[in-house]
Amino acid sequence: MGKVPAGGKATSLTFANSLTIYVEISVVMLQSDLEIPPDRISMITAEESMSQTRKHFTAAEKMAILRRHLLEQVPVSDLCDEYGIHPTLFYRWQKQLFENGAAAFEYRPKSGQDAASKKITALEEKLVRKNEVLSELMEEHIKLEKALDA
């Protein structure tokens, strides 16, 4: 690894496939009359940003966040800071809610009722076929009785 400049920092990154990358990070001082002490400069290294994991919100969690904004009038910026989300993500959720909100008011038979009605329909069709076969057999039976009596 090369020489680390004054005020700089060397770090290494190790990935899942055991590949290690050495990174040199240097602090550049501003060329101005105002001097900033090095302990006041904050940096996010590549290693720190790589360790952050993405949070996946459930539909109920998204709805609770949107409800707080719409009903309780909590500012979007406060919600985004609290939940660690970007405002564009919040507005995307809000857009999805408004675009798909009509589906909540549409009539849909419950899945249990839908399955039961399909089963009833199938059984009624089966009963009709059984009655047709039975009537054909009775008709043939009557014809045979008449032929034997004659």
# chains A, B, ... in the order shown; residues from 1 in each chain; ligands from 1

$ residues_around --residues "segment 55-67 of chain A" --least-positions-apart "6" --cutoff "12 Å" --atoms "only C-alpha atoms" --output "PyMOL selection string"
chain A and resi 73-87+89-98+101

$ atom_distance --atom1 "atom CA of Ser117 of chain A" --atom2 "atom CA of Arg129 of chain A"
18.7 Å
